[in-house]
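*Asks:* Quick one, work_11.tsv (TSV, C-alpha atoms):
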```
chain	number	residue	atom	x	y	z
W	8	MET	CA	0.27	23.43	-23.29
W	9	ASN	CA	0.97	20.02	-21.71
W	10	GLN	CA	1.83	20.15	-18.07
W	11	PRO	CA	3.23	17.23	-16.11
W	12	PRO	CA	0.70	15.46	-13.91
W	13	ARG	CA	0.46	16.79	-10.40
W	14	PRO	CA	1.78	14.42	-7.76
W	15	ARG	CA	-0.91	12.95	-5.56
W	16	PRO	CA	-1.08	14.26	-2.00
W	17	PRO	CA	0.34	11.92	0.62
W	18	TYR	CA	-1.99	9.34	2.11
W	19	ARG	CA	-3.31	9.91	5.62
W	20	PHE	CA	-1.56	6.68	6.62
W	21	PRO	CA	1.38	5.21	4.67
W	22	GLN	CA	-0.20	1.74	4.77
W	23	MET	CA	-2.98	3.05	2.51
W	24	ALA	CA	-0.56	2.28	-0.33
W	25	VAL	CA	-1.68	-1.37	-0.12
W	26	GLN	CA	-5.17	-2.85	-0.28
W	27	CYS	CA	-6.74	-3.88	3.03
W	28	ARG	CA	-7.39	-7.61	3.00
W	29	TRP	CA	-9.82	-7.33	5.94
W	30	CYS	CA	-12.33	-4.77	4.66
W	31	ARG	CA	-11.24	-4.80	0.97
W	32	ALA	CA	-10.54	-1.04	0.92
W	33	HIS	CA	-8.65	-0.26	-2.27
W	34	VAL	CA	-5.28	1.48	-2.45
W	35	GLY	CA	-5.71	5.07	-1.34
W	36	GLU	CA	-9.05	4.48	0.39
W	37	LEU	CA	-9.62	4.56	4.13
W	38	CYS	CA	-10.50	1.30	5.84
W	39	THR	CA	-14.16	0.84	6.73
W	40	ASN	CA	-16.18	-0.92	9.39
W	41	HIS	CA	-17.25	-4.52	8.79
W	42	ARG	CA	-20.38	-3.39	6.92
W	43	GLY	CA	-18.40	-1.04	4.68
W	44	THR	CA	-20.58	1.89	5.67
W	45	LYS	CA	-18.31	4.03	7.83
W	46	ALA	CA	-14.69	5.00	7.18
W	47	ARG	CA	-12.11	4.48	9.91
W	48	ARG	CA	-10.50	7.90	10.12
W	49	ALA	CA	-8.23	7.32	13.13
W	50	ASP	CA	-6.34	4.23	11.93
W	51	THR	CA	-6.31	1.24	9.59
W	52	HIS	CA	-6.85	-2.45	10.25
W	53	ASP	CA	-3.91	-4.34	11.73
W	54	THR	CA	-3.87	-6.63	8.68
W	55	ARG	CA	-3.21	-3.66	6.40
W	56	LEU	CA	-0.42	-2.39	8.63
W	57	THR	CA	1.17	-5.84	8.72
W	58	ASP	CA	0.99	-6.10	4.92
W	59	TRP	CA	2.55	-2.64	4.59
W	60	ASP	CA	5.41	-3.68	6.90
W	61	ARG	CA	6.01	-6.77	4.75
W	62	VAL	CA	6.00	-4.73	1.55
W	63	MET	CA	8.41	-2.17	2.93
W	64	SER	CA	10.78	-4.88	4.16
W	65	THR	CA	10.99	-6.33	0.63
W	66	ARG	CA	13.26	-5.09	-2.16
W	67	CYS	CA	11.27	-3.89	-5.17
W	68	PRO	CA	11.73	-6.42	-8.00
W	69	GLU	CA	10.94	-3.86	-10.73
W	70	ARG	CA	14.13	-3.58	-12.75
W	71	ILE	CA	13.72	0.14	-13.24
W	72	CYS	CA	13.15	0.78	-9.50
W	73	GLN	CA	15.08	-1.65	-7.25
W	74	ALA	CA	14.10	0.27	-4.10
W	75	THR	CA	15.82	-1.24	-1.10
W	76	PRO	CA	13.90	-2.42	1.97
W	77	GLY	CA	12.65	0.51	3.99
W	78	GLN	CA	12.76	2.90	1.02
W	79	PRO	CA	9.77	3.95	-1.11
W	80	CYS	CA	9.51	2.91	-4.74
W	81	THR	CA	10.89	5.35	-7.26
W	82	LEU	CA	9.16	6.73	-10.35
W	83	THR	CA	5.72	6.27	-8.81
W	84	PRO	CA	3.91	7.85	-5.88
W	85	ASP	CA	2.63	4.41	-4.94
W	86	VAL	CA	4.26	1.05	-4.34
W	87	HIS	CA	4.90	-1.04	-7.46
W	88	THR	CA	2.47	-3.95	-7.85
W	89	ALA	CA	5.38	-6.35	-8.28
W	90	ARG	CA	6.71	-5.37	-4.84
W	91	ILE	CA	3.33	-5.98	-3.21
W	92	THR	CA	3.03	-9.35	-4.94
W	93	ALA	CA	6.55	-10.38	-3.93
W	94	ALA	CA	5.96	-9.41	-0.32
W	95	LEU	CA	2.57	-11.07	0.08
W	96	THR	CA	3.21	-14.28	-1.86
W	97	PRO	CA	3.79	-17.16	0.57
W	98	THR	CA	7.08	-18.97	0.16
W	99	THR	CA	7.85	-22.56	1.04
W	100	THR	CA	10.92	-23.55	2.95
W	101	PRO	CA	12.65	-26.81	2.08
```
With the file now loaded, output its structure as structure tokens.
*Replies:*
Amino acid sequence: MNQPPRPRPPYRFPQMAVQCRWCRAHVGELCTNHRGTKARRADTHDTRLTDWDRVMSTRCPERICQATPGQPCTLTPDVHTARITAALTPTTTP
């Protein structure tokens, strides 16, 4: 009998929904020290938190989702890749 997939447990920190650009920890992984040998269990790098704030202040461009700023993406336990890309892509001002 096919059962629906179980939802993933929540991340220890919400900002774990984006990759850390400082230590390169993947989505869902804890940040590590600069050698990548020890997980940071008490917090994440400031860069990751800043990226998470940018993502959450951006409307999700996925047509099926359209989550408003401050709201999580729908239909997925994680943030849509398009939302992360939109939030972290530099824009030029005329």
*Asks:* Closest to Ala93 (chain W) among W:His41, W:Arg70, W:Arg28, W:Arg61, using only C-alpha atoms?
*Replies:*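 Answer, going by the shortest atom-to-atom distance: W:Arg61.
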*Asks:* Taking all atoms listed in the file into account, which of W:His52, W:Gly43, W:Ala24, W:Arg19 comes nearest Cys80 (chain W)?
*Replies:*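 Checking each of W:His52, W:Gly43, W:Ala24, W:Arg19 against Cys80 (chain W), counting all atoms listed in the file, the winner is W:Ala24.
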*Asks:* Which polymer residues, protein or nucleic acid, are no farther than 12 Å from (0.0, 6.6, -7.5), counting only C-alpha atoms, as a ChimeraX atom specification?
*Replies:* /W:12-18,23-25,34-35,79-88
*Asks:* Could you tell me which of W:Arg55, W:Asp60, W:Glu69, W:Thr99 comes closest to His33 (chain W) if we count all atoms listed in the file?
*Replies:*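 Ranking W:Arg55, W:Asp60, W:Glu69, W:Thr99 by distance to His33 (chain W), first place goes to W:Arg55.
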*Asks:* Would you list the contacts of Phe20 (chain W) as a CSV table (one decimal) with C-alpha atoms, keeping the file's coordinate frame, taking every protein, DNA or RNA residue within 9 Å and counting all atoms listed in the file, but skipping same-chain residues closer than 4 positions in sequence?
*Replies:*
```csv
chain,number,residue,atom,x,y,z
W,24,ALA,CA,-0.6,2.3,-0.3
W,37,LEU,CA,-9.6,4.6,4.1
W,50,ASP,CA,-6.3,4.2,11.9
W,51,THR,CA,-6.3,1.2,9.6
```
*Asks:* How far is it from CA of Arg66 (chain W) to CA of Gln26 (chain W), in Å with one decimal?
*Replies:*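 A separation of 18.7 Å between them.
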*Asks:* Quick one: distance from CA of Val62 (chain W) to CA of Thr92 (chain W) in Å, one decimal?
*Replies:*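 CA of Thr92 (chain W) lies 8.5 Å from CA of Val62 (chain W).
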*Asks:* Would you work out the distance separating CA of Leu56 (chain W) from CA of Cys27 (chain W), expressed in Å to one decimal?
*Replies:*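 Calculated distance between CA of Leu56 (chain W) and CA of Cys27 (chain W) is 8.6 Å.
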*Asks:* Using only C-alpha atoms for the distances, tell me which of W:Cys30, W:Gln78, W:Pro97, W:Arg42 is nearest to Ser64 (chain W).
*Replies:*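 Closest residue, counting only C-alpha atoms: W:Gln78.
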*Asks:* Model the absent atoms of region 48-80 of chain W so that N, CA and C atoms are present, and write the result as a PDB file, in the coordinates of the input.
*Replies:*
```pdb
ATOM      1  N   ARG W  48     -11.330   6.725  10.337  1.00  0.00           N
ATOM      2  CA  ARG W  48     -10.500   7.900  10.120  1.00  0.00           C
ATOM      3  C   ARG W  48      -9.293   7.981  11.055  1.00  0.00           C
ATOM      4  N   ALA W  49      -9.299   7.217  12.136  1.00  0.00           N
ATOM      5  CA  ALA W  49      -8.230   7.320  13.130  1.00  0.00           C
ATOM      6  C   ALA W  49      -7.096   6.321  12.880  1.00  0.00           C
ATOM      7  N   ASP W  50      -7.368   5.241  12.156  1.00  0.00           N
ATOM      8  CA  ASP W  50      -6.340   4.230  11.930  1.00  0.00           C
ATOM      9  C   ASP W  50      -6.770   3.297  10.809  1.00  0.00           C
ATOM     10  N   THR W  51      -5.966   2.275  10.568  1.00  0.00           N
ATOM     11  CA  THR W  51      -6.310   1.240   9.590  1.00  0.00           C
ATOM     12  C   THR W  51      -6.347  -0.097  10.319  1.00  0.00           C
ATOM     13  N   HIS W  52      -6.822  -1.116   9.646  1.00  0.00           N
ATOM     14  CA  HIS W  52      -6.850  -2.450  10.250  1.00  0.00           C
ATOM     15  C   HIS W  52      -5.425  -2.973  10.421  1.00  0.00           C
ATOM     16  N   ASP W  53      -5.228  -3.783  11.450  1.00  0.00           N
ATOM     17  CA  ASP W  53      -3.910  -4.340  11.730  1.00  0.00           C
ATOM     18  C   ASP W  53      -3.379  -5.163  10.549  1.00  0.00           C
ATOM     19  N   THR W  54      -4.274  -5.837   9.841  1.00  0.00           N
ATOM     20  CA  THR W  54      -3.870  -6.630   8.680  1.00  0.00           C
ATOM     21  C   THR W  54      -3.204  -5.748   7.631  1.00  0.00           C
ATOM     22  N   ARG W  55      -3.762  -4.586   7.399  1.00  0.00           N
ATOM     23  CA  ARG W  55      -3.210  -3.660   6.400  1.00  0.00           C
ATOM     24  C   ARG W  55      -1.843  -3.151   6.842  1.00  0.00           C
ATOM     25  N   LEU W  56      -1.701  -2.852   8.109  1.00  0.00           N
ATOM     26  CA  LEU W  56      -0.420  -2.390   8.630  1.00  0.00           C
ATOM     27  C   LEU W  56       0.633  -3.486   8.526  1.00  0.00           C
ATOM     28  N   THR W  57       0.248  -4.714   8.833  1.00  0.00           N
ATOM     29  CA  THR W  57       1.170  -5.840   8.720  1.00  0.00           C
ATOM     30  C   THR W  57       1.603  -6.033   7.270  1.00  0.00           C
ATOM     31  N   ASP W  58       0.654  -5.967   6.342  1.00  0.00           N
ATOM     32  CA  ASP W  58       0.990  -6.100   4.920  1.00  0.00           C
ATOM     33  C   ASP W  58       1.938  -4.983   4.479  1.00  0.00           C
ATOM     34  N   TRP W  59       1.686  -3.774   4.935  1.00  0.00           N
ATOM     35  CA  TRP W  59       2.550  -2.640   4.590  1.00  0.00           C
ATOM     36  C   TRP W  59       3.967  -2.875   5.119  1.00  0.00           C
ATOM     37  N   ASP W  60       4.089  -3.382   6.341  1.00  0.00           N
ATOM     38  CA  ASP W  60       5.410  -3.680   6.900  1.00  0.00           C
ATOM     39  C   ASP W  60       6.136  -4.731   6.056  1.00  0.00           C
ATOM     40  N   ARG W  61       5.400  -5.745   5.611  1.00  0.00           N
ATOM     41  CA  ARG W  61       6.010  -6.770   4.750  1.00  0.00           C
ATOM     42  C   ARG W  61       6.480  -6.187   3.425  1.00  0.00           C
ATOM     43  N   VAL W  62       5.645  -5.349   2.836  1.00  0.00           N
ATOM     44  CA  VAL W  62       6.000  -4.730   1.550  1.00  0.00           C
ATOM     45  C   VAL W  62       7.245  -3.870   1.706  1.00  0.00           C
ATOM     46  N   MET W  63       7.277  -3.074   2.749  1.00  0.00           N
ATOM     47  CA  MET W  63       8.410  -2.170   2.930  1.00  0.00           C
ATOM     48  C   MET W  63       9.678  -2.887   3.373  1.00  0.00           C
ATOM     49  N   SER W  64       9.578  -4.130   3.799  1.00  0.00           N
ATOM     50  CA  SER W  64      10.780  -4.880   4.160  1.00  0.00           C
ATOM     51  C   SER W  64      11.265  -5.743   2.996  1.00  0.00           C
ATOM     52  N   THR W  65      10.648  -5.573   1.835  1.00  0.00           N
ATOM     53  CA  THR W  65      10.990  -6.330   0.630  1.00  0.00           C
ATOM     54  C   THR W  65      11.621  -5.395  -0.398  1.00  0.00           C
ATOM     55  N   ARG W  66      12.657  -5.862  -1.071  1.00  0.00           N
ATOM     56  CA  ARG W  66      13.260  -5.090  -2.160  1.00  0.00           C
ATOM     57  C   ARG W  66      12.317  -5.104  -3.347  1.00  0.00           C
ATOM     58  N   CYS W  67      12.157  -3.968  -4.005  1.00  0.00           N
ATOM     59  CA  CYS W  67      11.270  -3.890  -5.170  1.00  0.00           C
ATOM     60  C   CYS W  67      11.898  -4.664  -6.328  1.00  0.00           C
ATOM     61  N   PRO W  68      11.173  -5.635  -6.898  1.00  0.00           N
ATOM     62  CA  PRO W  68      11.730  -6.420  -8.000  1.00  0.00           C
ATOM     63  C   PRO W  68      11.669  -5.720  -9.363  1.00  0.00           C
ATOM     64  N   GLU W  69      10.995  -4.581  -9.448  1.00  0.00           N
ATOM     65  CA  GLU W  69      10.940  -3.860 -10.730  1.00  0.00           C
ATOM     66  C   GLU W  69      12.355  -3.449 -11.128  1.00  0.00           C
ATOM     67  N   ARG W  70      12.764  -3.845 -12.308  1.00  0.00           N
ATOM     68  CA  ARG W  70      14.130  -3.580 -12.750  1.00  0.00           C
ATOM     69  C   ARG W  70      14.462  -2.099 -12.787  1.00  0.00           C
ATOM     70  N   ILE W  71      13.486  -1.292 -13.125  1.00  0.00           N
ATOM     71  CA  ILE W  71      13.720   0.140 -13.240  1.00  0.00           C
ATOM     72  C   ILE W  71      13.759   0.823 -11.861  1.00  0.00           C
ATOM     73  N   CYS W  72      13.264   0.169 -10.829  1.00  0.00           N
ATOM     74  CA  CYS W  72      13.150   0.780  -9.500  1.00  0.00           C
ATOM     75  C   CYS W  72      14.235   0.264  -8.547  1.00  0.00           C
ATOM     76  N   GLN W  73      14.144  -1.009  -8.177  1.00  0.00           N
ATOM     77  CA  GLN W  73      15.080  -1.650  -7.250  1.00  0.00           C
ATOM     78  C   GLN W  73      15.202  -0.936  -5.911  1.00  0.00           C
ATOM     79  N   ALA W  74      14.091  -0.379  -5.410  1.00  0.00           N
ATOM     80  CA  ALA W  74      14.100   0.270  -4.100  1.00  0.00           C
ATOM     81  C   ALA W  74      14.497  -0.748  -3.037  1.00  0.00           C
ATOM     82  N   THR W  75      15.369  -0.350  -2.152  1.00  0.00           N
ATOM     83  CA  THR W  75      15.820  -1.240  -1.100  1.00  0.00           C
ATOM     84  C   THR W  75      14.781  -1.308   0.015  1.00  0.00           C
ATOM     85  N   PRO W  76      14.844  -2.345   0.855  1.00  0.00           N
ATOM     86  CA  PRO W  76      13.900  -2.420   1.970  1.00  0.00           C
ATOM     87  C   PRO W  76      13.939  -1.154   2.816  1.00  0.00           C
ATOM     88  N   GLY W  77      12.762  -0.693   3.181  1.00  0.00           N
ATOM     89  CA  GLY W  77      12.650   0.510   3.990  1.00  0.00           C
ATOM     90  C   GLY W  77      12.569   1.794   3.185  1.00  0.00           C
ATOM     91  N   GLN W  78      12.797   1.719   1.878  1.00  0.00           N
ATOM     92  CA  GLN W  78      12.760   2.900   1.020  1.00  0.00           C
ATOM     93  C   GLN W  78      11.533   2.827   0.102  1.00  0.00           C
ATOM     94  N   PRO W  79      10.922   3.976  -0.207  1.00  0.00           N
ATOM     95  CA  PRO W  79       9.770   3.950  -1.110  1.00  0.00           C
ATOM     96  C   PRO W  79      10.197   3.645  -2.547  1.00  0.00           C
ATOM     97  N   CYS W  80       9.247   3.157  -3.330  1.00  0.00           N
ATOM     98  CA  CYS W  80       9.510   2.910  -4.740  1.00  0.00           C
ATOM     99  C   CYS W  80       9.791   4.238  -5.439  1.00  0.00           C
TER     100      CYS W  80
END
```
